[in-house]
Every structure is written in structure tokens, then in C-alpha cells.
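**Q** Structure provided below as C-alpha cells; questions to follow.
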Amino acid sequence: MDFIVVLSNIAEELPPGRVFGMDGQLFIQTAAAIFNVLLLSGILAFLLYKPVRNVLQKRTNRIEGQLLQAEEEMQRASELRQEYEKKLEDIESEREDILAQARKYAADSSRRIIAEAKQEADSLRDRAAQTVKLEWERAESDMRATIVDVSAQMAEKFVTLAINRETHDRLFDETLSDLEGMTWRD
Amino acid sequence: MELDIKNYAILRLGGIEIWITDTIVSTWIIMGVLIVFAIFVRIKIHKFKEIPTGFQNVVEALVEMFDNYLVSNVGPKLMYLGPWFFTVFAFVLLSNLSGIIPGLRPPTADWAMTLGIALVTFTLIQIMGFRYRKLAYLKSFVEPIFLFLPINLIGEIARPISLSFRLFGNILAGLVMMSLIYAMVPIVFKFVFPAALHAFFDIFAGALQAFIFTTLSMTFVANTAALSDE
């Protein structure tokens, strides 16, 4: 190849070494350095820096996502807790309402039952009083009838023994008129 | 240790002579190491788990730490420049650390290498300036008045030069120091005493210079691109 030629690698034919030189070779060496470093930069970027950075970035994103998710779940849990606390408060309030209603119902029922019992007791007492009154009247009537019978029998006996026909008739008439008077009164 | 950048061969590409130097060979070796590591990661990445362990942990920590470092310097808007700055940091760091390997000359101890990287950053600065500030970027060269144009231009051109010379100078200084020490100490101490200095010049100063070079590059790009409209 004519384009790339190794002119010499024999020590005697090579230019002497140097520390620093301001000539055309400096620019060539600088260009070679630039080429080498740019090439190295491309290779390192492709093989090392970017892939590792991607791995780190993906992990960072994943962790951030997980943190975000955890935060959202925390938020959701907090909301749920608030909701449950509110429900518990509502349940407490509902329980109080139910208890109040039950107490009111019980009080009403108690009052109603007592009123009914009282009414029934009054009714029973009234009926008993009525019965007593009726019994009393019947007993009075029976007694009166008995007295009349006894009186009549006594009178009959007395009359039979003591009075004559004329007196007998007179007494009979008087008794009859008395009986008529009593019947009218009753 | 030798200070000179040795030439191993000369290559002609369509009439242009390219010296295959110590720097180029070291660069290829470091590129090879990084590419092999990248291929290994690429193969392993399909087996990466949700909870990282061992090697995966190391790789993820490296990239994540660099991402944090990048975002703190350029902001989220310019994160797509990550691969370039990652390469600059990894390459400059390994280049500086390569001084501890016998026979390997740090590529960053050659101004051509540091200038090359700085010129790419300089190009990025210009692209970002035009992309995000458009005409306002051009206008910034004649601010506060038109007479400041040459000064502003010199200031702009000085950026890659100062950036590249800072790194080159520091690493070369470490190399010079180590060469002198190796030349000075008796042979019996050559395997013990320089180790502490290697730790300082190659590991500590090398890591620090890699960090400074990358941070300055990021800051220049970020300042030009984003801060003006924020």
C-alpha cells in the first residue's frame, strides 16, 4: 500500500526524542491525540458510560415510581381510614338515634300499656260496682218478698185465731189495698 | 527514566509523516485498558442485579459519582456532555497514574496530548456558546467596548493553552523530579525511596491534576453555555 507506509523503525534513522517542540509534528501529534481521545470517548460512551447510566436511570425511575405508588397507596389508605372513621362516627350516631327511638318507643309503649291497664281496671271496677249494686237490689227485693210472705202467714194465723168473719173481710180489704199501694211504688 | 519522548517509527499517511512516539504508544495502551474494562462492563451489564454487589457496585458508584460531580459543575442542562468529560477524566487520570508503571511515559507529559484534549474542550466551549447564547456570545467578544475585542480574543485563545500547559507542566515536572531522583539515588535505594515520591507525584498530584483539568473544562463550558441566560 502506498497510502500507508512505515518509513522506518530503525533507531538510527528515527528523529531524536524530545520533550517539547513547536513544529509541524506538534500539530500532527495533536491531531492524533484528538483522534485517539474522540475515538475513546465514543467507545466509552457506547460501551460503558451510557449503558451504566441507563441502568441507574431505570432503577431511579423504578424506585421513584415505587415511592410514588407507595405515596398514592398511603394517601388512599389515609382516605379509607378517614372514611371508616366517619362511618364509625355515623354508626355511633345511628346507634344513638336507634337507642333514642327505642327508648321513646319503650316509654310510649309503657305509657300506653299503663293507660290501657288503668282503663281496664276502671272498667272492671265499674262492672264490679254495677254487679254489687244489682246484687244488692236483688237481695233487697228478695228480703222484701220474704218479709211480705212471713207477714202474710203470721197475719193469716192471727186472723184465723182472733177475728170473725166481718173483721176478716175488713182486714183482707186493708191488706189488699196496702199490697196494691206497694206494687205501685215499686 | 528518560525525559525525552522517544520515536518508535514513522508512518506516512498520504504524504503526512506521523511519528509513532512514546505518547502514542502509551495512549494506545491506556485506551486498550479502558476499552477492555468497558467491554467487560458491557458484557456484565446484562447480569446487573437490582441490589448491586461487588463489581457492579464499583461500576455504578464510579458512574454515579461522576454524574454527581458533572451535574454540580455543569448543571442538568448539559448532562449530555457527560461521556466526553467522563472520557477526559478517566483518560487523564489513568495517563497520570501510568507514571508508576516502569517503561510507560505518561501521555499527559506531552503537550500535544494535553493540547489536543484542551482543543476539543475549546471547540465545545465555542459550540455551546453559539448554541445557547447565539449572537449574544459573539457580542460578548466586544464587551464592554469594541476596543476590547483583541483582549477578549486573546483571553479566549488563552483558555486551551493555559489548560493544556497546566496539566502538561505538572506532569512533566513530576517526571523530571522522578528522573532526577532516579539518577541521584544509589542503586540500592532505587526500589524503596522513589516509591513514596511516585505516590505523591503520580498518584496524588496525578489524581489532583486530572480533577482540576476536568473541573476547569466543565466550568469553562458551563459558564459559556448556560449561566448567561440564568
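Ligands are numbered from 1 in the order shown, residues from 1 within each chain, and chains are lettered A, B, ... in the order they appear in the C-alpha cells.
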Excluding same-chain residues fewer than 5 positions from Ala33 in chain A, what lies within 12 Å of it counting only C-alpha atoms, as a PyMOL selection string?

**A** (chain A and resi 25-28+38-41) or (chain B and resi 18+20-21+23-28+31+88+91+107-108+110-120)

**Q** Let me see the file: selected residues, C-alpha atoms, as a JSON list (two decimals), in the first residue's frame.

**A**
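Output (out-v9.json):
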[["chain", "number", "residue", "atom", "x", "y", "z"],
["A", 25, "GLN", "CA", 4.87, 17.44, 14.04],
["A", 26, "LEU", "CA", 3.28, 19.07, 17.11],
["A", 27, "PHE", "CA", 0.11, 19.70, 15.08],
["A", 28, "ILE", "CA", 0.18, 16.17, 13.72],
["A", 38, "LEU", "CA", -12.51, 11.28, 20.46],
["A", 39, "LEU", "CA", -12.43, 7.62, 19.43],
["A", 40, "LEU", "CA", -12.01, 6.59, 23.06],
["A", 41, "SER", "CA", -14.85, 8.90, 24.06],
["B", 18, "ILE", "CA", 3.33, 10.69, 11.72],
["B", 20, "ILE", "CA", 4.83, 6.89, 16.46],
["B", 21, "THR", "CA", 6.01, 8.22, 19.78],
["B", 23, "THR", "CA", 2.97, 9.21, 23.87],
["B", 24, "ILE", "CA", 1.03, 7.45, 21.12],
["B", 25, "VAL", "CA", 2.04, 4.02, 22.35],
["B", 26, "SER", "CA", 1.16, 4.89, 25.95],
["B", 27, "THR", "CA", -2.11, 6.37, 24.73],
["B", 28, "TRP", "CA", -2.98, 3.16, 22.91],
["B", 31, "MET", "CA", -7.07, 3.25, 25.59],
["B", 88, "VAL", "CA", -11.35, 13.15, 29.72],
["B", 91, "PHE", "CA", -8.08, 9.08, 30.36],
["B", 107, "PRO", "CA", 0.87, 10.69, 27.70],
["B", 108, "THR", "CA", -0.08, 13.84, 29.59],
["B", 110, "ASP", "CA", 3.43, 15.52, 26.19],
["B", 111, "TRP", "CA", 1.98, 18.91, 25.33],
["B", 112, "ALA", "CA", 0.50, 17.56, 22.10],
["B", 113, "MET", "CA", -1.77, 15.30, 24.11],
["B", 114, "THR", "CA", -2.92, 17.90, 26.65],
["B", 115, "LEU", "CA", -3.32, 20.48, 23.88],
["B", 116, "GLY", "CA", -5.41, 18.02, 21.88],
["B", 117, "ILE", "CA", -7.82, 17.44, 24.76],
["B", 118, "ALA", "CA", -7.90, 21.16, 25.59],
["B", 119, "LEU", "CA", -8.65, 21.99, 21.93],
["B", 120, "VAL", "CA", -11.64, 19.63, 21.93]]

**Q** What are the closest atom pairs, with distances in Å to one decimal, for all residues of chain A lying within 10 Å of chain B? Consider only C-alpha atoms, order rows by chain and residue number, and present the result as CSV.

**A**
residue,atom,partner,partner_atom,distance
A:Asp2,CA,B:Gly14,CA,8.0
A:Phe3,CA,B:Gly14,CA,5.1
A:Ile4,CA,B:Leu13,CA,5.0
A:Val5,CA,B:Arg12,CA,5.0
A:Val6,CA,B:Leu11,CA,4.6
A:Leu7,CA,B:Ile10,CA,5.5
A:Ser8,CA,B:Ala9,CA,5.6
A:Asn9,CA,B:Ala9,CA,4.3
A:Ile10,CA,B:Ala9,CA,7.5
A:Ala11,CA,B:Tyr8,CA,7.3
A:Glu13,CA,B:Ala9,CA,9.2
A:Leu14,CA,B:Asn7,CA,6.6
A:Pro15,CA,B:Asn7,CA,6.9
A:Pro16,CA,B:Lys6,CA,7.1
A:Gly17,CA,B:Lys6,CA,4.4
A:Arg18,CA,B:Asp4,CA,4.5
A:Val19,CA,B:Asp4,CA,4.8
A:Phe20,CA,B:Trp111,CA,7.0
A:Gly21,CA,B:Trp111,CA,8.9
A:Met22,CA,B:Ala112,CA,9.7
A:Gly24,CA,B:Glu17,CA,9.6
A:Gln25,CA,B:Ile18,CA,7.3
A:Leu26,CA,B:Ala112,CA,5.9
A:Phe27,CA,B:Ala112,CA,7.3
A:Ile28,CA,B:Ile18,CA,6.6
A:Gln29,CA,B:Ala112,CA,5.6
A:Thr30,CA,B:Ala112,CA,4.5
A:Ala31,CA,B:Gly116,CA,6.6
A:Ala32,CA,B:Ile24,CA,8.0
A:Ala33,CA,B:Met113,CA,5.2
A:Ile34,CA,B:Gly116,CA,4.9
A:Phe35,CA,B:Gly116,CA,8.6
A:Asn36,CA,B:Thr27,CA,7.7
A:Val37,CA,B:Ile117,CA,7.2
A:Leu38,CA,B:Trp84,CA,8.0
A:Leu39,CA,B:Met31,CA,9.3
A:Leu40,CA,B:Met31,CA,6.5
A:Ser41,CA,B:Thr87,CA,5.2
A:Gly42,CA,B:Pro83,CA,7.8
A:Ile43,CA,B:Ile35,CA,7.1
A:Leu44,CA,B:Ala38,CA,6.3
A:Ala45,CA,B:Pro83,CA,5.1
A:Phe46,CA,B:Ala38,CA,8.8
A:Leu47,CA,B:Ala38,CA,5.4
A:Leu48,CA,B:Ala38,CA,4.9
A:Tyr49,CA,B:Pro83,CA,6.3
A:Lys50,CA,B:Pro83,CA,7.4
A:Pro51,CA,B:Arg42,CA,7.5
A:Val52,CA,B:Glu60,CA,6.7
A:Arg53,CA,B:Val63,CA,6.9
A:Val55,CA,B:Ile45,CA,8.3
A:Leu56,CA,B:Glu60,CA,7.4
A:Gln57,CA,B:Glu64,CA,10.0
A:Arg59,CA,B:Glu50,CA,7.6

**Q** Would you save the residues from that selection as an mmCIF file, in the first residue's frame, using C-alpha atoms?

**A**
data_model
loop_
_atom_site.group_PDB
_atom_site.id
_atom_site.type_symbol
_atom_site.label_atom_id
_atom_site.label_comp_id
_atom_site.auth_asym_id
_atom_site.auth_seq_id
_atom_site.Cartn_x
_atom_site.Cartn_y
_atom_site.Cartn_z
ATOM 1 C CA ASP A 2 1.387 3.376 -0.995
ATOM 2 C CA PHE A 3 -1.026 5.337 1.157
ATOM 3 C CA ILE A 4 0.226 3.933 4.453
ATOM 4 C CA VAL A 5 3.943 3.452 4.547
ATOM 5 C CA VAL A 6 6.126 2.705 7.524
ATOM 6 C CA LEU A 7 9.173 4.720 6.603
ATOM 7 C CA SER A 8 11.429 3.489 9.284
ATOM 8 C CA ASN A 9 11.563 1.744 12.571
ATOM 9 C CA ILE A 10 15.290 1.556 12.808
ATOM 10 C CA ALA A 11 16.516 3.612 15.751
ATOM 11 C CA GLU A 13 17.043 6.565 11.143
ATOM 12 C CA LEU A 14 14.383 7.910 13.523
ATOM 13 C CA PRO A 15 14.343 11.528 14.613
ATOM 14 C CA PRO A 16 15.812 12.089 18.070
ATOM 15 C CA GLY A 17 13.494 12.153 21.045
ATOM 16 C CA ARG A 18 12.401 15.468 22.515
ATOM 17 C CA VAL A 19 10.364 16.887 25.371
ATOM 18 C CA PHE A 20 8.719 19.732 23.533
ATOM 19 C CA GLY A 21 8.765 21.056 20.016
ATOM 20 C CA MET A 22 6.892 23.779 18.174
ATOM 21 C CA GLY A 24 4.541 20.728 12.193
ATOM 22 C CA GLN A 25 4.872 17.441 14.045
ATOM 23 C CA LEU A 26 3.279 19.073 17.111
ATOM 24 C CA PHE A 27 0.106 19.699 15.084
ATOM 25 C CA ILE A 28 0.179 16.166 13.723
ATOM 26 C CA GLN A 29 0.668 14.746 17.204
ATOM 27 C CA THR A 30 -2.113 16.992 18.487
ATOM 28 C CA ALA A 31 -4.414 15.819 15.720
ATOM 29 C CA ALA A 32 -3.536 12.211 16.539
ATOM 30 C CA ALA A 33 -4.266 12.872 20.210
ATOM 31 C CA ILE A 34 -7.615 14.447 19.314
ATOM 32 C CA PHE A 35 -8.477 11.483 17.116
ATOM 33 C CA ASN A 36 -7.494 8.994 19.810
ATOM 34 C CA VAL A 37 -9.386 10.761 22.578
ATOM 35 C CA LEU A 38 -12.512 11.284 20.462
ATOM 36 C CA LEU A 39 -12.425 7.625 19.435
ATOM 37 C CA LEU A 40 -12.009 6.594 23.058
ATOM 38 C CA SER A 41 -14.855 8.895 24.064
ATOM 39 C CA GLY A 42 -17.177 7.295 21.516
ATOM 40 C CA ILE A 43 -16.226 3.782 22.591
ATOM 41 C CA LEU A 44 -16.533 4.522 26.316
ATOM 42 C CA ALA A 45 -19.852 6.305 25.802
ATOM 43 C CA PHE A 46 -21.217 3.346 23.843
ATOM 44 C CA LEU A 47 -19.830 0.533 25.970
ATOM 45 C CA LEU A 48 -19.601 1.939 29.463
ATOM 46 C CA TYR A 49 -20.983 5.325 30.383
ATOM 47 C CA LYS A 50 -24.373 5.389 28.667
ATOM 48 C CA PRO A 51 -25.363 1.767 29.403
ATOM 49 C CA VAL A 52 -24.471 2.113 33.096
ATOM 50 C CA ARG A 53 -26.219 5.466 33.261
ATOM 51 C CA VAL A 55 -29.262 1.116 34.236
ATOM 52 C CA LEU A 56 -29.031 3.693 37.012
ATOM 53 C CA GLN A 57 -31.695 5.878 35.412
ATOM 54 C CA ARG A 59 -33.532 1.942 38.599
#

**Q** I need the residue nearest Asn57 in chain B from this list: B:Leu149, B:Ser164, B:Phe141, B:Lys44. Use only C-alpha atoms for the distance.

**A**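 Nearest candidate to Asn57 in chain B out of B:Leu149, B:Ser164, B:Phe141, B:Lys44: B:Lys44.
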
**Q** Hey, can you check how far CA of Asn68 in chain B sits from CA of Ser98 in chain B?

**A** 25.9 Å

**Q** Considering only C-alpha atoms, tabulate each residue of range 39-113 of chain B that lies at most 12 Å from range 182-204 of chain B along with its nearest interatomic pair and the corresponding distance in Å to one decimal; arrange the rows by chain and ascending residue number and present them as a Markdown table.

**A**
| residue | atom | partner | partner_atom | distance |
| --- | --- | --- | --- | --- |
| B:Val92 | CA | B:Asp202 | CA | 11.6 |
| B:Leu93 | CA | B:Ile203 | CA | 8.8 |
| B:Leu94 | CA | B:Ile203 | CA | 9.6 |
| B:Ser95 | CA | B:Asp202 | CA | 9.4 |
| B:Asn96 | CA | B:Asp202 | CA | 6.0 |
| B:Leu97 | CA | B:Asp202 | CA | 5.2 |
| B:Ser98 | CA | B:Asp202 | CA | 7.6 |
| B:Gly99 | CA | B:Asp202 | CA | 5.8 |
| B:Ile100 | CA | B:His198 | CA | 6.2 |
| B:Ile101 | CA | B:His198 | CA | 9.9 |
| B:Pro102 | CA | B:His198 | CA | 11.1 |
| B:Arg105 | CA | B:Asp202 | CA | 11.3 |
| B:Pro106 | CA | B:Asp202 | CA | 9.3 |
| B:Thr108 | CA | B:Asp202 | CA | 11.3 |
| B:Ala109 | CA | B:Asp202 | CA | 11.3 |

**Q** For the atom pair CA of Gly181 in chain A and CA of Thr167 in chain A, what is the interatomic distance in Å to one decimal place?

**A**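 Pair CA of Gly181 in chain A / CA of Thr167 in chain A returns 20.9 Å.
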
**Q** Would you list the contacts of Arg166 in chain B as a list in words, taking every protein, DNA or RNA residue within 9 Å and counting only C-alpha atoms, but skipping same-chain residues closer than 5 positions in sequence?

**A**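 Returned residues: Thr114, Ile161, Ile171, Gln209 and Phe213 of chain B.
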
**Q** Kindly save the residues from that selection, with C-alpha atoms included, as a compact mmCIF listing (two decimals), in the first residue's frame.

**A**
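Heads up, here's the output in out-v6.txt:
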# COMPACT_ATOMS: atom_id res chain seq x y z
CA THR B 114 -2.92 17.90 26.65
CA ILE B 161 -3.31 26.98 26.10
CA ILE B 171 3.00 16.00 34.95
CA GLN B 209 -4.44 17.36 38.12
CA PHE B 213 -8.31 19.68 34.36

**Q** Using CA of Met154 in chain A and CA of Glu135 in chain A as the two end points, give the distance in Å to one decimal.

**A**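 Interatomic distance here is 28.1 Å.
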
**Q** Among chain B, which ones does DSSP place in strand (DSSP E or B), written as a list in words?

**A** Ile5, Asn7, Tyr8, Ala9, Ile10, Leu11, Arg12, Leu13, Ile16, Glu17, Ile18, Trp19, Ile20 and Thr21 of chain B

**Q** Any chance you could export the current selection's N, CA and C atoms as a PDB file, in the first residue's frame?

**A**
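File written: result-v1.pdb
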ATOM      1  N   ILE B   5      10.611  12.279  24.676  1.00  0.00           N
ATOM      2  CA  ILE B   5       9.573  11.452  24.053  1.00  0.00           C
ATOM      3  C   ILE B   5      10.252  10.718  22.891  1.00  0.00           C
ATOM      4  N   ASN B   7      10.801   8.206  19.700  1.00  0.00           N
ATOM      5  CA  ASN B   7      10.054   7.837  18.498  1.00  0.00           C
ATOM      6  C   ASN B   7      10.333   6.370  18.192  1.00  0.00           C
ATOM      7  N   TYR B   8       9.277   5.625  17.913  1.00  0.00           N
ATOM      8  CA  TYR B   8       9.444   4.197  17.625  1.00  0.00           C
ATOM      9  C   TYR B   8       9.370   3.893  16.133  1.00  0.00           C
ATOM     10  N   ALA B   9       8.638   4.728  15.409  1.00  0.00           N
ATOM     11  CA  ALA B   9       8.506   4.500  13.970  1.00  0.00           C
ATOM     12  C   ALA B   9       7.955   5.764  13.328  1.00  0.00           C
ATOM     13  N   ILE B  10       8.035   5.787  12.017  1.00  0.00           N
ATOM     14  CA  ILE B  10       7.445   6.918  11.297  1.00  0.00           C
ATOM     15  C   ILE B  10       6.445   6.344  10.293  1.00  0.00           C
ATOM     16  N   LEU B  11       5.291   6.922  10.298  1.00  0.00           N
ATOM     17  CA  LEU B  11       4.219   6.422   9.432  1.00  0.00           C
ATOM     18  C   LEU B  11       3.868   7.524   8.438  1.00  0.00           C
ATOM     19  N   ARG B  12       3.714   7.145   7.179  1.00  0.00           N
ATOM     20  CA  ARG B  12       3.306   8.169   6.219  1.00  0.00           C
ATOM     21  C   ARG B  12       1.863   7.879   5.780  1.00  0.00           C
ATOM     22  N   LEU B  13       1.020   8.862   6.031  1.00  0.00           N
ATOM     23  CA  LEU B  13      -0.388   8.733   5.622  1.00  0.00           C
ATOM     24  C   LEU B  13      -0.660   9.792   4.571  1.00  0.00           C
ATOM     25  N   ILE B  16       1.705  12.706   4.769  1.00  0.00           N
ATOM     26  CA  ILE B  16       1.934  13.300   6.098  1.00  0.00           C
ATOM     27  C   ILE B  16       2.709  12.303   6.947  1.00  0.00           C
ATOM     28  N   GLU B  17       3.785  12.775   7.500  1.00  0.00           N
ATOM     29  CA  GLU B  17       4.589  11.900   8.363  1.00  0.00           C
ATOM     30  C   GLU B  17       4.054  11.935   9.797  1.00  0.00           C
ATOM     31  N   ILE B  18       3.796  10.759  10.319  1.00  0.00           N
ATOM     32  CA  ILE B  18       3.334  10.685  11.719  1.00  0.00           C
ATOM     33  C   ILE B  18       4.369   9.903  12.503  1.00  0.00           C
ATOM     34  N   TRP B  19       4.889  10.564  13.535  1.00  0.00           N
ATOM     35  CA  TRP B  19       5.857   9.860  14.389  1.00  0.00           C
ATOM     36  C   TRP B  19       5.084   9.027  15.411  1.00  0.00           C
ATOM     37  N   ILE B  20       5.439   7.756  15.433  1.00  0.00           N
ATOM     38  CA  ILE B  20       4.826   6.890  16.457  1.00  0.00           C
ATOM     39  C   ILE B  20       5.700   7.019  17.708  1.00  0.00           C
ATOM     40  N   THR B  21       5.206   7.845  18.620  1.00  0.00           N
ATOM     41  CA  THR B  21       6.013   8.217  19.785  1.00  0.00           C
ATOM     42  C   THR B  21       5.633   7.412  21.033  1.00  0.00           C
TER      43      THR B  21
END
